[in-house]
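Below: the structure, in structure tokens.
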Amino acid sequence: MEAGAEVTVFDPEAIDNVKALLGDKIRYAEDQYQALEGADALLIATEWSVFRNPDFEKMETVLKNKVIFDGRNLFDLQKMIDLGYYYNSIGRKIVS
């Protein structure tokens, strides 16, 4: 963020805790798709069920780039290949 990155977050369970820690240093979205509007990439850092089966077609319409960094290994590698995403998940091969 010091280098100028803008961060928008959505967490259906911990948003109040995040707001208490970070205040107005970042932006907060009301749902997972609003968080992606105009974003260069998606970073997944939690595995709440709401994130497990996203509408990838909707994601394509709001994300600038089809790029996902997945810290929870939520998605199938072959599906990411089929959908044409750059997909970097922890401990697995990078899909591009």
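Identifiers for the structure tokens are assigned positionally: chains receive A, B, ... in sequence, residues are indexed from 1 per chain, and ligands are indexed from 1 in the order shown.
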Secondary structure check, alpha helix (DSSP H) residues of chain A, as number ranges by chain: A: 15-22, 56-62, 77-83
Given only C-alpha atoms as the counted atoms, nearest of A:Gln78, A:Ser96, A:Asn65, A:Asn88 to Ala41 of chain A: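 Ranking A:Gln78, A:Ser96, A:Asn65, A:Asn88 by distance to Ala41 of chain A, first place goes to A:Asn65.
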Distance criterion (only C-alpha atoms): nearest to Tyr33 of chain A out of A:Glu2, A:Asp82, A:Asp11, A:Asp76: A:Asp11
Test item, strand (DSSP E) assignment across chain A, answer as a ChimeraX atom specification: /A:8-9,27-28,42-44,67-70,86-89
